[in-house]
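The file query.cif comes next; it holds mmCIF, C-alpha atoms and all ligand atoms.
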```cif
data_work
#
loop_
_atom_site.label_atom_id
_atom_site.label_comp_id
_atom_site.auth_asym_id
_atom_site.auth_seq_id
_atom_site.Cartn_x
_atom_site.Cartn_y
_atom_site.Cartn_z
CA MET A 22 155.32 134.33 66.01
CA ASP A 23 155.09 134.51 62.23
CA ASN A 24 152.97 136.95 60.24
CA ARG A 25 153.33 135.26 56.87
CA PRO A 26 150.02 134.11 55.34
CA ILE A 27 148.49 130.65 55.32
CA GLY A 28 148.13 129.31 51.77
CA VAL A 29 144.90 127.48 50.87
CA PHE A 30 144.03 126.01 47.48
CA ASP A 31 141.44 124.07 45.51
CA SER A 32 140.49 123.51 41.88
CA GLY A 33 137.80 126.16 42.29
CA VAL A 34 135.47 127.67 44.88
CA GLY A 35 135.18 124.55 47.06
CA GLY A 36 138.21 125.29 49.19
CA LEU A 37 136.52 128.50 50.33
CA THR A 38 134.47 126.28 52.64
CA VAL A 39 137.72 125.32 54.38
CA LEU A 40 139.09 128.87 54.26
CA SER A 41 135.89 130.10 55.89
CA GLU A 42 136.41 127.80 58.89
CA ILE A 43 140.08 128.81 59.13
CA ILE A 44 139.08 132.50 59.19
CA HIS A 45 136.40 131.72 61.77
CA LEU A 46 138.85 129.93 64.07
CA LEU A 47 141.93 132.08 63.36
CA PRO A 48 140.58 135.53 62.45
CA ASP A 49 143.95 137.26 62.78
CA GLU A 50 145.85 135.08 60.35
CA ASN A 51 146.67 136.48 56.90
CA THR A 52 145.49 134.18 54.12
CA VAL A 53 146.15 133.58 50.42
CA TYR A 54 143.61 131.52 48.49
CA PHE A 55 144.18 129.97 45.08
CA GLY A 56 141.41 128.46 42.89
CA ASP A 57 142.53 126.74 39.68
CA THR A 58 139.25 127.61 37.97
CA LEU A 59 140.80 127.28 34.49
CA ARG A 60 141.51 123.57 34.99
CA PHE A 61 138.42 122.77 37.08
CA PRO A 62 137.26 120.02 37.50
CA TYR A 63 140.09 117.93 38.91
CA GLY A 64 137.77 115.05 39.86
CA PRO A 65 137.65 113.24 36.49
CA ARG A 66 141.38 113.70 35.77
CA ASP A 67 144.22 111.24 36.14
CA LEU A 68 145.69 111.65 39.64
CA ASN A 69 149.22 111.99 38.22
CA GLN A 70 148.09 115.05 36.31
CA VAL A 71 146.37 116.44 39.43
CA SER A 72 149.60 115.89 41.33
CA HIS A 73 151.50 117.89 38.68
CA PHE A 74 149.01 120.79 39.08
CA VAL A 75 149.27 120.58 42.86
CA PHE A 76 153.06 120.93 42.80
CA LYS A 77 152.87 123.94 40.44
CA ILE A 78 150.25 125.64 42.64
CA SER A 79 152.35 124.93 45.73
CA GLU A 80 155.33 126.53 43.99
CA PHE A 81 153.19 129.60 43.26
CA LEU A 82 152.01 129.84 46.86
CA THR A 83 155.40 129.26 48.44
CA GLY A 84 156.54 132.06 46.11
CA ARG A 85 153.95 134.21 47.95
CA ASN A 86 155.82 133.38 51.15
CA VAL A 87 153.14 131.23 52.82
CA LYS A 88 154.08 129.73 56.19
CA MET A 89 151.91 126.65 55.78
CA LEU A 90 149.85 125.05 53.04
CA VAL A 91 146.30 123.73 53.27
CA VAL A 92 145.29 121.41 50.45
CA ALA A 93 141.58 122.32 50.57
CA CYS A 94 140.68 119.82 47.88
CA ASN A 95 140.05 116.14 48.47
CA THR A 96 141.11 115.12 44.98
CA SER A 97 144.43 116.97 45.34
CA THR A 98 144.89 115.53 48.83
CA ALA A 99 144.34 112.02 47.46
CA ALA A 100 146.73 112.70 44.57
CA ALA A 101 149.65 114.40 46.24
CA LEU A 102 149.51 115.05 50.01
CA GLU A 103 152.26 112.65 51.01
CA ASP A 104 154.61 113.78 48.20
CA LEU A 105 153.99 117.42 49.06
CA LYS A 106 154.75 116.80 52.73
CA ASN A 107 157.99 115.12 51.76
CA ASN A 108 159.01 117.91 49.40
CA LEU A 109 158.05 121.16 51.10
CA LYS A 110 159.84 122.73 54.03
CA ILE A 111 156.62 124.22 55.47
CA PRO A 112 153.83 122.24 57.18
CA VAL A 113 151.20 120.83 54.79
CA ILE A 114 147.68 119.75 55.77
CA GLY A 115 145.08 117.91 53.70
CA VAL A 116 141.34 117.40 54.17
CA ILE A 117 140.86 113.63 54.00
CA GLU A 118 142.28 112.53 57.36
CA PRO A 119 140.31 115.22 59.30
CA GLY A 120 137.09 114.16 57.51
CA ALA A 121 137.74 110.46 58.13
CA ARG A 122 138.43 111.17 61.80
CA THR A 123 135.21 113.18 62.25
CA ALA A 124 133.12 110.50 60.51
CA SER A 125 134.66 107.71 62.59
CA ASN A 126 133.88 109.61 65.80
CA ASN A 127 130.27 110.15 64.77
CA THR A 128 129.05 106.80 63.45
CA SER A 129 127.13 104.53 65.81
CA ASN A 130 126.34 101.69 63.41
CA ASN A 131 129.73 101.74 61.58
CA ARG A 132 128.03 102.41 58.23
CA VAL A 133 129.42 105.57 56.67
CA GLY A 134 128.51 107.09 53.30
CA LEU A 135 130.82 109.18 51.12
CA ILE A 136 130.08 111.44 48.19
CA ALA A 137 133.18 112.76 46.46
CA THR A 138 134.82 113.14 43.06
CA LYS A 139 135.67 110.15 40.88
CA GLY A 140 139.38 110.69 41.60
CA THR A 141 138.87 110.69 45.37
CA VAL A 142 136.58 107.63 45.34
CA GLU A 143 138.89 105.64 43.06
CA SER A 144 141.96 106.53 45.12
CA ARG A 145 140.28 104.78 48.10
CA ALA A 146 141.98 107.40 50.29
CA TYR A 147 138.95 107.74 52.62
CA GLU A 148 138.58 103.99 52.96
CA ILE A 149 142.25 103.65 53.92
CA ALA A 150 142.08 106.59 56.37
CA ILE A 151 138.90 105.26 58.01
CA LYS A 152 140.14 101.65 58.27
CA ASN A 153 143.29 102.98 59.94
CA ILE A 154 141.12 104.60 62.59
CA ASN A 155 138.51 101.85 62.95
CA PRO A 156 138.69 98.70 60.79
CA ARG A 157 135.09 97.79 61.66
CA ILE A 158 133.63 100.75 59.76
CA ASN A 159 132.11 100.04 56.34
CA LEU A 160 132.36 102.84 53.79
CA PHE A 161 129.83 103.22 50.95
CA SER A 162 131.20 105.60 48.32
CA TYR A 163 129.64 107.40 45.37
CA ALA A 164 131.32 109.67 42.85
CA ALA A 165 129.11 112.74 42.40
CA PRO A 166 130.63 114.72 39.50
CA LYS A 167 127.44 116.48 38.38
CA LEU A 168 126.95 117.93 41.84
CA VAL A 169 130.47 119.41 41.81
CA GLU A 170 129.85 121.06 38.45
CA LEU A 171 126.52 122.60 39.51
CA ILE A 172 128.07 124.09 42.63
CA GLU A 173 131.09 125.51 40.81
CA ALA A 174 128.62 127.11 38.37
CA GLY A 175 126.90 128.79 41.31
CA VAL A 176 123.78 126.59 41.39
CA LEU A 177 123.30 126.19 45.15
CA GLU A 178 119.54 125.50 45.29
CA GLY A 179 116.52 124.70 43.12
CA VAL A 180 114.89 121.75 41.40
CA LYS A 181 117.87 120.74 39.27
CA LEU A 182 120.19 120.68 42.28
CA GLN A 183 117.68 118.65 44.33
CA GLU A 184 117.30 116.14 41.51
CA VAL A 185 121.04 115.62 41.07
CA MET A 186 121.63 115.50 44.83
CA SER A 187 118.94 112.80 45.32
CA GLY A 188 120.47 110.73 42.52
CA TYR A 189 123.66 110.39 44.56
CA VAL A 190 122.39 110.40 48.14
CA ASP A 191 119.22 108.25 47.92
CA PRO A 192 121.15 105.02 47.19
CA LEU A 193 123.25 105.65 50.30
CA ILE A 194 120.09 105.83 52.44
CA LYS A 195 119.36 102.27 51.30
CA GLU A 196 122.73 101.23 52.76
CA ASN A 197 121.48 102.42 56.17
CA ILE A 198 124.31 104.88 56.72
CA ASP A 199 124.22 107.04 59.85
CA VAL A 200 126.95 109.44 58.71
CA LEU A 201 127.51 111.06 55.33
CA ILE A 202 130.95 112.48 54.53
CA LEU A 203 130.97 115.43 52.16
CA GLY A 204 134.21 114.26 50.56
CA CYS A 205 134.53 117.20 48.20
CA THR A 206 135.14 120.68 49.52
CA HIS A 207 132.46 122.03 47.17
CA PHE A 208 129.70 120.13 48.96
CA PRO A 209 129.46 122.15 52.22
CA LEU A 210 128.10 124.95 50.00
CA ILE A 211 124.90 122.88 49.75
CA GLU A 212 125.04 121.35 53.23
CA ASN A 213 121.81 123.12 54.21
CA GLN A 214 120.02 121.61 51.22
CA ILE A 215 121.21 118.14 52.20
CA ILE A 216 120.27 118.59 55.85
CA SER A 217 116.80 119.92 55.08
CA LYS A 218 116.03 117.06 52.69
CA TYR A 219 117.47 114.21 54.76
CA SER A 220 117.21 115.59 58.28
CA GLY A 221 117.33 112.80 60.81
CA ASP A 222 118.46 110.14 58.30
CA PHE A 223 122.19 110.68 58.93
CA LYS A 224 124.71 113.17 60.30
CA VAL A 225 126.47 115.28 57.70
CA ILE A 226 130.22 115.58 58.07
CA SER A 227 132.51 117.93 56.26
CA SER A 228 136.20 118.08 56.96
CA ALA A 229 136.35 121.89 57.02
CA VAL A 230 135.90 122.42 60.77
CA GLU A 231 138.30 119.64 61.74
CA THR A 232 140.85 120.80 59.16
CA ALA A 233 140.76 124.32 60.62
CA LYS A 234 141.47 122.81 64.06
CA ASP A 235 144.46 120.96 62.56
CA VAL A 236 145.69 124.25 61.12
CA LYS A 237 145.47 125.91 64.54
CA ASN A 238 147.26 123.03 66.28
CA THR A 239 149.99 122.99 63.65
CA LEU A 240 150.60 126.73 63.94
CA GLU A 241 150.85 126.35 67.71
CA LYS A 242 153.11 123.32 67.49
CA PHE A 243 155.63 125.14 65.29
CA SER A 244 155.13 128.59 66.95
CA LEU A 245 153.90 130.00 63.66
CA GLN A 246 150.94 132.03 64.96
CA ASN A 247 150.39 135.58 63.79
CA GLU A 248 151.46 138.06 66.45
CA ASN A 249 148.01 139.65 66.39
CA SER A 250 146.41 136.51 67.81
CA ILE A 251 143.80 137.59 70.28
CA LYS A 252 144.21 136.39 73.82
CA VAL A 253 141.57 136.41 76.53
CA ILE A 254 142.95 137.37 79.92
CA ASN A 255 140.58 137.45 82.90
CA GLY A 256 137.60 137.48 80.55
CA THR A 257 138.81 140.58 78.66
CA HIS A 258 139.91 140.45 75.03
CA VAL A 259 143.43 141.70 74.89
CA THR A 260 145.10 142.53 71.61
CA LYS A 261 148.76 141.71 71.36
CA GLY A 262 150.80 142.86 68.41
CA SER A 263 151.94 146.06 66.77
CA CYS A 264 149.84 148.05 69.23
CA GLY A 265 151.57 146.47 72.20
CA ILE A 266 149.28 145.18 74.92
CA SER A 267 145.97 147.00 75.20
CA GLY A 268 142.90 146.19 77.22
CA ALA A 269 139.28 147.31 77.17
CA GLY A 270 138.86 151.05 76.66
CA SER A 271 142.20 151.52 74.93
CA THR A 272 142.55 153.31 71.58
CA CYS A 273 144.68 150.68 69.89
CA ILE A 274 143.84 150.46 66.19
CA ARG A 275 144.89 147.16 64.72
CA GLN A 276 145.17 146.57 61.00
CA GLY A 277 142.89 143.79 59.77
CA PRO A 278 144.37 140.61 58.35
CA GLU A 279 145.24 140.49 54.66
CA ARG A 280 143.06 138.31 52.45
CA THR A 281 144.30 137.64 48.93
CA TYR A 282 142.47 135.59 46.30
CA TYR A 283 143.90 134.22 43.06
CA GLU A 284 142.23 132.26 40.29
CA THR A 285 143.31 131.03 36.87
CA GLY A 286 140.03 131.03 34.90
CA ASN A 287 138.39 134.04 33.37
CA ALA A 288 134.79 132.94 33.10
CA SER A 289 134.23 131.48 36.52
CA LYS A 290 131.69 132.39 39.19
CA PHE A 291 134.44 132.69 41.77
CA LEU A 292 133.66 136.21 42.92
CA GLU A 293 129.90 135.63 42.95
CA VAL A 294 129.95 132.31 44.80
CA GLY A 295 132.84 133.43 46.99
CA ARG A 296 131.03 136.56 48.10
CA MET A 297 127.87 134.61 48.74
CA PHE A 298 129.85 132.26 50.91
CA LEU A 299 132.38 134.51 52.62
CA GLY A 300 130.29 137.69 52.65
CA GLY A 301 132.35 140.85 52.56
CA GLU A 302 135.61 138.96 52.80
CA ILE A 303 136.27 138.99 49.04
CA SER A 304 136.81 142.39 47.50
CA GLU A 305 138.92 141.29 44.56
CA VAL A 306 140.19 138.15 42.80
CA VAL A 307 143.51 138.42 41.01
CA ARG A 308 143.71 136.46 37.77
CA VAL A 309 146.99 134.64 37.23
CA LYS A 310 148.44 132.38 34.55
CA LEU A 311 150.26 129.25 35.63
CA ASP A 312 152.33 127.47 33.05
CA MET A 313 151.42 123.86 33.72
CA GLY A 314 149.35 122.65 30.76
CA GLN A 315 145.61 122.19 30.75
N1 LIG B 401 136.74 120.56 45.56
C1 LIG B 401 137.47 119.47 45.05
C2 LIG B 401 137.56 118.29 45.99
O1 LIG B 401 137.42 118.46 47.18
C3 LIG B 401 137.46 119.08 43.64
C4 LIG B 401 136.36 119.33 42.71
C5 LIG B 401 136.85 119.05 41.30
O2 LIG B 401 137.70 119.83 40.85
O3 LIG B 401 136.42 118.05 40.68
O4 LIG B 401 137.83 117.20 45.57
#
```
With the file now loaded, output its structure as structure tokens.
Amino acid sequence: MDNRPIGVFDSGVGGLTVLSEIIHLLPDENTVYFGDTLRFPYGPRDLNQVSHFVFKISEFLTGRNVKMLVVACNTSTAAALEDLKNNLKIPVIGVIEPGARTASNNTSNNRVGLIATKGTVESRAYEIAIKNINPRINLFSYAAPKLVELIEAGVLEGVKLQEVMSGYVDPLIKENIDVLILGCTHFPLIENQIISKYSGDFKVISSAVETAKDVKNTLEKFSLQNENSIKVINGTHVTKGSCGISGAGSTCIRQGPERTYYETGNASKFLEVGRMFLGGEISEVVRVKLDMGQ
């Protein structure tokens, strides 16, 4: 049992889509989220520079005593996941392998589309992950930078968004894909828009759900679960933790999990978009300065 928080980070608000699934699956875990909104976007940057940012953010989060790290950013995963794993003493999870796995399990015609950042597409990280799972799958990739920027700016619907979205997704329809990977953690914020426009044309896959499952399995594997994890015994929810064991009808009052949010920018829509996405979960975002260049 380990009550330290899970650290989750992205260049901006996108990683909240992954955090949301982690909270959904593991509601008792404490979490710390970091959005590098000052340096957003990561997508067009050199991957060596992204890797430098990733290591500095990881240092910041390990300084907040996180028990595991979730790289909730595809670009950062492509740039630095393996190096991070080799350098940190805590478990580290990225979003590309879970997304590749879900897509591979869902395609029937072995034609998979990917929209992602320029950095992720050029790294070929999805292609490599997918070919490792099933070499017969063909991946059709598009970098969709304008879509990332609109979402980070809080534009989650409307004519402009539809126009930009079609510009990237329509060509993939011509490739006869039956699965579309949302290869940027910002994109699940507009998943409903994609589904309502292209319903029936392909399945939409985001790595968030599968990543959250990986987080759960990893916590279990290393016995790192929070002691407040809820257990169901004989159909009754039983709370185990600081209250001791208590069943239905007891008066045990359990403190809610701690949710902390950090960002580096000062003009971002983090709070607005975050609240829209996570509801009441975000009460405050702490602004921090990280000394790692721009
Ligand atoms: N959300 C990020 C990703 O999954 C990056 C967006 C960006 O900073 O360009 O790649």
Inset, instruction - Just the residues within 7 Å of Leu40 (chain A), please, counting all atoms listed in the file, with nothing from its chain fewer than 4 positions along; format it as a count of residues only. - result: 3
Inset, instruction - Would you kindly identify which residues have an atom no farther than 9 Å from (131.1, 104.1, 52.5), using all atoms listed in the file and the file's own coordinates, and write them out as a VMD selection string? - result: chain A and resid 132 to 136 147 to 148 158 to 163 193 196 198 201 to 202
Legend entry - Selection within 7 Å of ligand LIG 401 (chain B) by all atoms listed in the file, output as a list of chain:residue names: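 For ligand LIG 401 (chain B), the residues inside 7 Å are A:Asp31, A:Ser32, A:Gly33, A:Gly35, A:Gly36, A:Phe61, A:Pro62, A:Tyr63, A:Gly64, A:Pro65, A:Ala93, A:Cys94, A:Asn95, A:Thr96, A:Ser97, A:Ala137, A:Thr138, A:Thr141, A:Pro166, A:Val169, A:Gly204, A:Cys205, A:Thr206, A:His207.
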Keeping C-alpha atoms for every residue in the selection just given, could you write it to a file as a PDB file, keeping the file's coordinate frame?
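Wrote it out as out07.pdb, contents follow:
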```pdb
ATOM      1  CA  ASP A  31     141.440 124.070  45.510  1.00  0.00           C
ATOM      2  CA  SER A  32     140.490 123.510  41.880  1.00  0.00           C
ATOM      3  CA  GLY A  33     137.800 126.160  42.290  1.00  0.00           C
ATOM      4  CA  GLY A  35     135.180 124.550  47.060  1.00  0.00           C
ATOM      5  CA  GLY A  36     138.210 125.290  49.190  1.00  0.00           C
ATOM      6  CA  PHE A  61     138.420 122.770  37.080  1.00  0.00           C
ATOM      7  CA  PRO A  62     137.260 120.020  37.500  1.00  0.00           C
ATOM      8  CA  TYR A  63     140.090 117.930  38.910  1.00  0.00           C
ATOM      9  CA  GLY A  64     137.770 115.050  39.860  1.00  0.00           C
ATOM     10  CA  PRO A  65     137.650 113.240  36.490  1.00  0.00           C
ATOM     11  CA  ALA A  93     141.580 122.320  50.570  1.00  0.00           C
ATOM     12  CA  CYS A  94     140.680 119.820  47.880  1.00  0.00           C
ATOM     13  CA  ASN A  95     140.050 116.140  48.470  1.00  0.00           C
ATOM     14  CA  THR A  96     141.110 115.120  44.980  1.00  0.00           C
ATOM     15  CA  SER A  97     144.430 116.970  45.340  1.00  0.00           C
ATOM     16  CA  ALA A 137     133.180 112.760  46.460  1.00  0.00           C
ATOM     17  CA  THR A 138     134.820 113.140  43.060  1.00  0.00           C
ATOM     18  CA  THR A 141     138.870 110.690  45.370  1.00  0.00           C
ATOM     19  CA  PRO A 166     130.630 114.720  39.500  1.00  0.00           C
ATOM     20  CA  VAL A 169     130.470 119.410  41.810  1.00  0.00           C
ATOM     21  CA  GLY A 204     134.210 114.260  50.560  1.00  0.00           C
ATOM     22  CA  CYS A 205     134.530 117.200  48.200  1.00  0.00           C
ATOM     23  CA  THR A 206     135.140 120.680  49.520  1.00  0.00           C
ATOM     24  CA  HIS A 207     132.460 122.030  47.170  1.00  0.00           C
TER      25      HIS A 207
END
```
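One distance worth recording is that between CA of Leu109 (chain A) and CA of Phe291 (chain A), which is 27.9 Å.
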Inset, instruction - Just the residues within 10 Å of Ser304 (chain A), please, counting only C-alpha atoms, with nothing from its chain fewer than 5 positions along; format it as a PyMOL selection string. - result: chain A and resi 280-282+292+295-296
Output C-alpha atoms for every residue in the selection just made, as an mmCIF file, in the coordinates of the input.
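The resulting file, result-v2.cif, is shown below:
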```
data_model
loop_
_atom_site.group_PDB
_atom_site.id
_atom_site.type_symbol
_atom_site.label_atom_id
_atom_site.label_comp_id
_atom_site.auth_asym_id
_atom_site.auth_seq_id
_atom_site.Cartn_x
_atom_site.Cartn_y
_atom_site.Cartn_z
ATOM 1 C CA ARG A 280 143.060 138.310 52.450
ATOM 2 C CA THR A 281 144.300 137.640 48.930
ATOM 3 C CA TYR A 282 142.470 135.590 46.300
ATOM 4 C CA LEU A 292 133.660 136.210 42.920
ATOM 5 C CA GLY A 295 132.840 133.430 46.990
ATOM 6 C CA ARG A 296 131.030 136.560 48.100
#
```
Legend entry - Near-region 90-92 of chain A list (8 Å; only C-alpha atoms; drop same-chain fewer than 3 positions) as JSON, numbers by chain: {"A": [27, 28, 29, 30, 31, 79, 87, 95, 97, 98, 102, 111, 112, 113, 114, 115, 116, 236]}
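In this model, the gap between CA of Lys242 (chain A) and CA of Val39 (chain A) comes to 20.3 Å.
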Legend entry - Among listed residues A:Asn107, A:Ser228, A:Asn155, A:Thr285, nearest Asn131 (chain A) (using all atoms listed in the file):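 When distances to Asn131 (chain A) are compared using all atoms listed in the file, the smallest one comes from A:Asn155.
Proximity to Asn69 (chain A) was assessed for A:Ala99, A:Met297, A:Ala288, A:Ile194 counting all atoms listed in the file; the smallest distance is recorded for A:Ala99.
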Legend entry - Non-local contacts of Leu168 (chain A) (10 Å; all atoms listed in the file; under 6 positions in same chain excluded) as JSON, numbers by chain: {"A": [136, 137, 138, 174, 176, 177, 181, 182, 183, 184, 185, 186, 188, 189, 205, 207, 208, 211]}
Inset, instruction - Take CA of Asp57 (chain A) and CA of Gly286 (chain A) and report the distance between them in Å, one decimal. - result: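 Spanning CA of Asp57 (chain A) to CA of Gly286 (chain A) is a straight-line distance of 6.9 Å.
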Write region 97-107 of chain A as a PDB file, in the frame of the given file, completed to all heavy atoms.
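Result file is part12.pdb:
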```pdb
ATOM      1  N   SER A  97     142.997 116.629  45.276  1.00  0.00           N
ATOM      2  CA  SER A  97     144.430 116.970  45.340  1.00  0.00           C
ATOM      3  C   SER A  97     145.091 116.296  46.538  1.00  0.00           C
ATOM      4  O   SER A  97     146.241 115.866  46.457  1.00  0.00           O
ATOM      5  CB  SER A  97     144.600 118.492  45.485  1.00  0.00           C
ATOM      6  OG  SER A  97     144.001 119.152  44.414  1.00  0.00           O
ATOM      7  N   THR A  98     144.356 116.207  47.645  1.00  0.00           N
ATOM      8  CA  THR A  98     144.890 115.530  48.830  1.00  0.00           C
ATOM      9  C   THR A  98     145.160 114.066  48.493  1.00  0.00           C
ATOM     10  O   THR A  98     146.230 113.530  48.801  1.00  0.00           O
ATOM     11  CB  THR A  98     143.897 115.629  50.010  1.00  0.00           C
ATOM     12  OG1 THR A  98     143.659 117.004  50.295  1.00  0.00           O
ATOM     13  CG2 THR A  98     144.422 114.939  51.252  1.00  0.00           C
ATOM     14  N   ALA A  99     144.174 113.429  47.829  1.00  0.00           N
ATOM     15  CA  ALA A  99     144.340 112.020  47.460  1.00  0.00           C
ATOM     16  C   ALA A  99     145.517 111.854  46.501  1.00  0.00           C
ATOM     17  O   ALA A  99     146.265 110.883  46.567  1.00  0.00           O
ATOM     18  CB  ALA A  99     143.053 111.492  46.812  1.00  0.00           C
ATOM     19  N   ALA A 100     145.702 112.833  45.610  1.00  0.00           N
ATOM     20  CA  ALA A 100     146.730 112.700  44.570  1.00  0.00           C
ATOM     21  C   ALA A 100     148.137 112.969  45.079  1.00  0.00           C
ATOM     22  O   ALA A 100     149.092 112.354  44.609  1.00  0.00           O
ATOM     23  CB  ALA A 100     146.409 113.646  43.406  1.00  0.00           C
ATOM     24  N   ALA A 101     148.280 113.911  46.037  1.00  0.00           N
ATOM     25  CA  ALA A 101     149.650 114.400  46.240  1.00  0.00           C
ATOM     26  C   ALA A 101     150.048 114.766  47.672  1.00  0.00           C
ATOM     27  O   ALA A 101     151.166 115.232  47.868  1.00  0.00           O
ATOM     28  CB  ALA A 101     149.852 115.633  45.355  1.00  0.00           C
ATOM     29  N   LEU A 102     149.170 114.551  48.660  1.00  0.00           N
ATOM     30  CA  LEU A 102     149.510 115.050  50.010  1.00  0.00           C
ATOM     31  C   LEU A 102     150.844 114.534  50.531  1.00  0.00           C
ATOM     32  O   LEU A 102     151.693 115.312  50.983  1.00  0.00           O
ATOM     33  CB  LEU A 102     148.384 114.733  51.009  1.00  0.00           C
ATOM     34  CG  LEU A 102     148.651 115.301  52.404  1.00  0.00           C
ATOM     35  CD1 LEU A 102     148.515 116.822  52.407  1.00  0.00           C
ATOM     36  CD2 LEU A 102     147.730 114.708  53.448  1.00  0.00           C
ATOM     37  N   GLU A 103     151.046 113.218  50.426  1.00  0.00           N
ATOM     38  CA  GLU A 103     152.260 112.650  51.010  1.00  0.00           C
ATOM     39  C   GLU A 103     153.511 113.181  50.308  1.00  0.00           C
ATOM     40  O   GLU A 103     154.492 113.557  50.949  1.00  0.00           O
ATOM     41  CB  GLU A 103     152.229 111.114  50.969  1.00  0.00           C
ATOM     42  CG  GLU A 103     151.234 110.502  51.964  1.00  0.00           C
ATOM     43  CD  GLU A 103     151.300 111.132  53.373  1.00  0.00           C
ATOM     44  OE1 GLU A 103     152.410 111.260  53.919  1.00  0.00           O
ATOM     45  OE2 GLU A 103     150.242 111.507  53.913  1.00  0.00           O
ATOM     46  N   ASP A 104     153.464 113.260  48.967  1.00  0.00           N
ATOM     47  CA  ASP A 104     154.610 113.780  48.200  1.00  0.00           C
ATOM     48  C   ASP A 104     154.889 115.227  48.558  1.00  0.00           C
ATOM     49  O   ASP A 104     156.043 115.634  48.682  1.00  0.00           O
ATOM     50  CB  ASP A 104     154.344 113.679  46.693  1.00  0.00           C
ATOM     51  CG  ASP A 104     154.422 112.246  46.211  1.00  0.00           C
ATOM     52  OD1 ASP A 104     154.938 111.403  46.979  1.00  0.00           O
ATOM     53  OD2 ASP A 104     153.957 111.970  45.105  1.00  0.00           O
ATOM     54  N   LEU A 105     153.813 116.004  48.702  1.00  0.00           N
ATOM     55  CA  LEU A 105     153.990 117.420  49.060  1.00  0.00           C
ATOM     56  C   LEU A 105     154.668 117.545  50.415  1.00  0.00           C
ATOM     57  O   LEU A 105     155.603 118.317  50.590  1.00  0.00           O
ATOM     58  CB  LEU A 105     152.632 118.113  49.178  1.00  0.00           C
ATOM     59  CG  LEU A 105     152.051 118.873  47.995  1.00  0.00           C
ATOM     60  CD1 LEU A 105     150.831 119.647  48.441  1.00  0.00           C
ATOM     61  CD2 LEU A 105     153.072 119.799  47.353  1.00  0.00           C
ATOM     62  N   LYS A 106     154.170 116.765  51.377  1.00  0.00           N
ATOM     63  CA  LYS A 106     154.750 116.800  52.730  1.00  0.00           C
ATOM     64  C   LYS A 106     156.237 116.491  52.681  1.00  0.00           C
ATOM     65  O   LYS A 106     157.035 117.090  53.394  1.00  0.00           O
ATOM     66  CB  LYS A 106     154.055 115.778  53.633  1.00  0.00           C
ATOM     67  CG  LYS A 106     152.718 116.236  54.171  1.00  0.00           C
ATOM     68  CD  LYS A 106     152.194 115.188  55.128  1.00  0.00           C
ATOM     69  CE  LYS A 106     150.949 115.673  55.838  1.00  0.00           C
ATOM     70  NZ  LYS A 106     150.327 114.617  56.632  1.00  0.00           N
ATOM     71  N   ASN A 107     156.586 115.519  51.841  1.00  0.00           N
ATOM     72  CA  ASN A 107     157.990 115.120  51.760  1.00  0.00           C
ATOM     73  C   ASN A 107     158.855 116.149  51.036  1.00  0.00           C
ATOM     74  O   ASN A 107     160.065 116.156  51.184  1.00  0.00           O
ATOM     75  CB  ASN A 107     158.128 113.775  51.021  1.00  0.00           C
ATOM     76  CG  ASN A 107     157.556 112.654  51.859  1.00  0.00           C
ATOM     77  OD1 ASN A 107     157.515 112.759  53.085  1.00  0.00           O
ATOM     78  ND2 ASN A 107     157.080 111.599  51.208  1.00  0.00           N
TER      79      ASN A 107
END
```
